[in-house]
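Below is one structure, written out as structure tokens; the observations come after it.
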Amino acid sequence: MSASSLRARVRSEMHQEIKEVARRRLAEEGANLSLRAVARDMGIVASALYRYFPSRDALLTALIIDAYDGLGDAAADAEAALPREDLRGRWLATCHAVRSWALAHPAEYGLLYGNPVPGYAAPPDTVAPASKVILLLAAIVAEAPEVPAGPPVPAPVRADLRRLVDEQAGDLSEERLDRALLAWTHLFGQVNFEVFHRLDDMVQARAEYFEHHMTLLADLAGLP
């Protein structure tokens, strides 16, 4: 191995170690992440971390992108395991994968969908990873034979939906994207309530409650 390859390998391994320690910090303290605390856990001086992550925000961004990728990949893998003609099965598999990932990674999920981190603004390179689940849901809805009748989409909302379709170079109608977005917000709203204990002392049959609501959303989306 050449010297440059060895340095690249060491740097990559150091990046991963820093992120793993930072994830443990997230689990213990939430998103109030400190580079000094991460360095202390690693037994190194804080200034050494700046060779890998120039700021707390850079480390947070790396953790956020990793989390979005993990969530999106879990959903995509679950959806891909179903036959293409089974639209409802693909839909439910996607939704269940989101819930399962969130419950297994509550600290990382909280970084994505919990309280905003004070002083942190997510950069544009988080947008594509954050879009994976909604694009997957929209792709399934796009294959539905028809959209059930419902109230007309208001003109200002229709304009927003058309802009979103055009930006993604898709061929969804505004009505189909409207149903996909409604399902997306309900999916993550319900997962949030469970992860952040809003359902405690209210709903005991969590898995059945989730399945029931995701099935209702599949009906709303017109999935056979």
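We name chains A, B, ... following the order of the structure tokens; residues begin at 1 in each chain, and ligands are numbered from 1 as shown.
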Report task. Identify, with DSSP run on backbone atoms, the residues in range 33-139 of chain A assigned to alpha helix (DSSP H), and express the list as a PyMOL selection string. Result -> chain A and resi 35-42+46-49+56-80+87-104+106-113+127-130+132-139
Contacts of range 79-142 of chain A with range 186-189 of chain A up to 10 Å, shortest pair per row, only C-alpha atoms, as a Markdown table:
| residue | atom | partner | partner_atom | distance |
| --- | --- | --- | --- | --- |
| A:Cys95 | CA | A:Leu187 | CA | 7.0 |
| A:His96 | CA | A:Leu187 | CA | 9.5 |
| A:Val98 | CA | A:Phe188 | CA | 8.3 |
| A:Arg99 | CA | A:Phe188 | CA | 8.4 |
| A:Ala102 | CA | A:Phe188 | CA | 9.7 |
| A:Tyr113 | CA | A:Phe188 | CA | 8.5 |
Create the file for the chosen residues now, containing C-alpha atoms and written as a tab-separated table (two decimals), in the first residue's frame.
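Here's the written file result.tsv:
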chain	number	residue	atom	x	y	z
A	95	CYS	CA	-43.81	2.49	5.99
A	96	HIS	CA	-42.91	-0.34	8.34
A	98	VAL	CA	-39.36	3.73	8.41
A	99	ARG	CA	-40.94	2.89	11.76
A	102	ALA	CA	-36.73	5.01	13.82
A	113	TYR	CA	-37.05	15.00	13.07
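Take the candidates A:Ile65, A:Ala31, A:Leu103, A:Leu59 and check each one against Pro124 in chain A using only C-alpha atoms; the shortest distance goes to A:Ile65.
Each of A:Ala67, A:Ala144, A:Ala107, A:Ala81 was compared to Ala27 in chain A using only C-alpha atoms, and A:Ala107 turns out to be the nearest.
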Shell of 8 Å around range 41-52 of chain A, only C-alpha atoms, local chain residues under 2 positions omitted, as a JSON list (two decimals) with N, CA, C and O atoms, in the first residue's frame:
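Output contents, as saved in part.json:
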[["chain", "number", "residue", "atom", "x", "y", "z"],
["A", 11, "ARG", "N", -7.40, 8.17, 7.46],
["A", 11, "ARG", "CA", -8.33, 9.30, 7.56],
["A", 11, "ARG", "C", -9.79, 8.82, 7.53],
["A", 11, "ARG", "O", -10.62, 9.29, 8.31],
["A", 14, "MET", "N", -10.62, 7.24, 10.80],
["A", 14, "MET", "CA", -10.76, 8.24, 11.84],
["A", 14, "MET", "C", -12.10, 8.96, 11.72],
["A", 14, "MET", "O", -12.77, 9.23, 12.73],
["A", 15, "HIS", "N", -12.52, 9.25, 10.49],
["A", 15, "HIS", "CA", -13.84, 9.84, 10.26],
["A", 15, "HIS", "C", -14.93, 8.96, 10.87],
["A", 15, "HIS", "O", -15.83, 9.45, 11.57],
["A", 18, "ILE", "N", -14.85, 8.95, 14.76],
["A", 18, "ILE", "CA", -15.39, 10.21, 15.31],
["A", 18, "ILE", "C", -16.91, 10.18, 15.24],
["A", 18, "ILE", "O", -17.60, 10.55, 16.21],
["A", 21, "VAL", "N", -18.42, 7.82, 17.90],
["A", 21, "VAL", "CA", -18.39, 8.41, 19.24],
["A", 21, "VAL", "C", -19.45, 9.51, 19.35],
["A", 21, "VAL", "O", -20.15, 9.63, 20.35],
["A", 35, "LEU", "N", -17.73, 19.18, 20.24],
["A", 35, "LEU", "CA", -16.51, 18.55, 19.74],
["A", 35, "LEU", "C", -15.54, 18.23, 20.88],
["A", 35, "LEU", "O", -14.83, 17.23, 20.84],
["A", 36, "ARG", "N", -15.52, 19.09, 21.88],
["A", 36, "ARG", "CA", -14.63, 18.84, 23.03],
["A", 36, "ARG", "C", -15.03, 17.54, 23.75],
["A", 36, "ARG", "O", -14.17, 16.76, 24.16],
["A", 37, "ALA", "N", -16.35, 17.33, 23.88],
["A", 37, "ALA", "CA", -16.80, 16.11, 24.55],
["A", 37, "ALA", "C", -16.45, 14.88, 23.72],
["A", 37, "ALA", "O", -16.04, 13.85, 24.26],
["A", 38, "VAL", "N", -16.62, 14.98, 22.40],
["A", 38, "VAL", "CA", -16.26, 13.87, 21.52],
["A", 38, "VAL", "C", -14.76, 13.58, 21.62],
["A", 38, "VAL", "O", -14.35, 12.42, 21.73],
["A", 39, "ALA", "N", -13.95, 14.62, 21.58],
["A", 39, "ALA", "CA", -12.51, 14.45, 21.69],
["A", 39, "ALA", "C", -12.14, 13.81, 23.03],
["A", 39, "ALA", "O", -11.27, 12.92, 23.09],
["A", 54, "PRO", "N", -14.13, 20.48, 10.51],
["A", 54, "PRO", "CA", -13.69, 21.83, 10.87],
["A", 54, "PRO", "C", -14.59, 22.53, 11.88],
["A", 54, "PRO", "O", -14.21, 23.57, 12.42],
["A", 55, "SER", "N", -15.77, 21.97, 12.16],
["A", 55, "SER", "CA", -16.68, 22.62, 13.11],
["A", 55, "SER", "C", -17.68, 21.60, 13.61],
["A", 55, "SER", "O", -17.82, 20.50, 13.05]]
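Distance-wise, CA of Ile134 in chain A and CA of Trp184 in chain A end up 6.2 Å apart.
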Report task. Could you give me, as a ChimeraX atom specification, the residues within 10 Å of range 171-178 of chain A, counting only C-alpha atoms and dropping anything in the same chain fewer than 5 positions from it? Result -> /A:134-135,137-139,141-144,146-153,157-166,183-184,221-222
Residue selection dump (N, CA, C and O atoms) as a compact mmCIF listing (two decimals), in the first residue's frame:
# COMPACT_ATOMS: atom_id res chain seq x y z
N ILE A 134 -39.89 10.15 0.63
CA ILE A 134 -41.03 10.72 -0.09
C ILE A 134 -40.96 10.37 -1.57
O ILE A 134 -41.99 10.10 -2.20
N LEU A 135 -39.77 10.34 -2.16
CA LEU A 135 -39.67 9.95 -3.56
C LEU A 135 -40.07 8.50 -3.77
O LEU A 135 -40.69 8.14 -4.78
N LEU A 137 -42.27 6.81 -1.85
CA LEU A 137 -43.72 6.76 -1.73
C LEU A 137 -44.40 7.31 -2.98
O LEU A 137 -45.38 6.75 -3.47
N ALA A 138 -43.87 8.41 -3.50
CA ALA A 138 -44.45 9.02 -4.70
C ALA A 138 -44.35 8.07 -5.90
O ALA A 138 -45.27 8.00 -6.73
N ALA A 139 -43.24 7.35 -5.99
CA ALA A 139 -43.07 6.41 -7.11
C ALA A 139 -44.10 5.29 -7.04
O ALA A 139 -44.60 4.83 -8.08
N VAL A 141 -47.14 5.55 -5.58
CA VAL A 141 -48.42 6.17 -5.90
C VAL A 141 -48.56 6.38 -7.41
O VAL A 141 -49.64 6.25 -7.99
N ALA A 142 -47.45 6.70 -8.06
CA ALA A 142 -47.48 6.95 -9.51
C ALA A 142 -47.92 5.73 -10.29
O ALA A 142 -48.43 5.84 -11.42
N GLU A 143 -47.77 4.54 -9.72
CA GLU A 143 -48.16 3.30 -10.40
C GLU A 143 -49.59 2.89 -10.11
O GLU A 143 -50.08 1.91 -10.68
N ALA A 144 -50.26 3.61 -9.21
CA ALA A 144 -51.64 3.26 -8.88
C ALA A 144 -52.53 3.45 -10.10
O ALA A 144 -52.33 4.38 -10.89
N GLU A 146 -55.59 4.50 -10.38
CA GLU A 146 -56.36 5.74 -10.37
C GLU A 146 -56.28 6.38 -9.00
O GLU A 146 -55.91 5.74 -8.01
N VAL A 147 -56.58 7.66 -8.94
CA VAL A 147 -56.63 8.38 -7.68
C VAL A 147 -58.08 8.48 -7.25
O VAL A 147 -58.92 8.94 -8.03
N PRO A 148 -58.43 8.04 -6.05
CA PRO A 148 -59.82 8.15 -5.60
C PRO A 148 -60.30 9.59 -5.62
O PRO A 148 -59.52 10.53 -5.42
N ALA A 149 -61.58 9.76 -5.87
CA ALA A 149 -62.15 11.10 -5.90
C ALA A 149 -62.05 11.75 -4.53
O ALA A 149 -62.14 11.08 -3.50
N GLY A 150 -61.86 13.05 -4.52
CA GLY A 150 -61.77 13.79 -3.28
C GLY A 150 -61.98 15.26 -3.55
O GLY A 150 -62.25 15.67 -4.69
N PRO A 151 -61.87 16.09 -2.52
CA PRO A 151 -62.02 17.53 -2.73
C PRO A 151 -60.98 18.04 -3.72
O PRO A 151 -59.85 17.53 -3.78
N PRO A 152 -61.32 19.02 -4.55
CA PRO A 152 -60.35 19.55 -5.51
C PRO A 152 -59.16 20.20 -4.80
O PRO A 152 -59.30 20.78 -3.72
N VAL A 153 -58.00 20.08 -5.41
CA VAL A 153 -56.80 20.70 -4.86
C VAL A 153 -56.88 22.21 -5.07
O VAL A 153 -57.07 22.66 -6.22
N VAL A 157 -52.16 25.56 -3.87
CA VAL A 157 -51.51 24.28 -3.54
C VAL A 157 -51.13 23.55 -4.83
O VAL A 157 -50.05 22.96 -4.94
N ARG A 158 -52.02 23.58 -5.81
CA ARG A 158 -51.73 22.93 -7.10
C ARG A 158 -50.47 23.51 -7.73
O ARG A 158 -49.65 22.77 -8.31
N ALA A 159 -50.29 24.82 -7.61
CA ALA A 159 -49.09 25.45 -8.17
C ALA A 159 -47.83 24.94 -7.48
O ALA A 159 -46.81 24.67 -8.12
N ASP A 160 -47.89 24.81 -6.14
CA ASP A 160 -46.75 24.27 -5.40
C ASP A 160 -46.46 22.83 -5.82
O ASP A 160 -45.30 22.43 -6.01
N LEU A 161 -47.51 22.04 -5.95
CA LEU A 161 -47.34 20.64 -6.33
C LEU A 161 -46.75 20.52 -7.73
O LEU A 161 -45.88 19.68 -7.98
N ARG A 162 -47.20 21.36 -8.65
CA ARG A 162 -46.67 21.32 -10.01
C ARG A 162 -45.19 21.67 -10.01
O ARG A 162 -44.40 21.07 -10.73
N ARG A 163 -44.82 22.65 -9.20
CA ARG A 163 -43.40 23.04 -9.12
C ARG A 163 -42.57 21.86 -8.61
O ARG A 163 -41.49 21.58 -9.14
N LEU A 164 -43.07 21.16 -7.61
CA LEU A 164 -42.34 20.02 -7.06
C LEU A 164 -42.21 18.91 -8.10
O LEU A 164 -41.15 18.29 -8.22
N VAL A 165 -43.27 18.65 -8.83
CA VAL A 165 -43.21 17.63 -9.89
C VAL A 165 -42.18 18.02 -10.94
O VAL A 165 -41.35 17.20 -11.37
N ASP A 166 -42.19 19.27 -11.35
CA ASP A 166 -41.26 19.73 -12.38
C ASP A 166 -39.81 19.66 -11.90
O ASP A 166 -38.90 19.31 -12.66
N ALA A 183 -49.67 11.34 2.84
CA ALA A 183 -49.25 10.09 3.48
C ALA A 183 -47.88 10.24 4.14
O ALA A 183 -47.65 9.74 5.25
N TRP A 184 -46.98 10.94 3.47
CA TRP A 184 -45.63 11.15 4.00
C TRP A 184 -45.67 11.90 5.33
O TRP A 184 -45.03 11.49 6.31
N ALA A 221 -54.44 6.67 -1.14
CA ALA A 221 -53.57 6.81 -2.30
C ALA A 221 -54.06 6.02 -3.51
O ALA A 221 -53.49 6.13 -4.60
N GLY A 222 -55.10 5.22 -3.32
CA GLY A 222 -55.65 4.44 -4.43
C GLY A 222 -54.86 3.20 -4.76
O GLY A 222 -54.90 2.72 -5.90
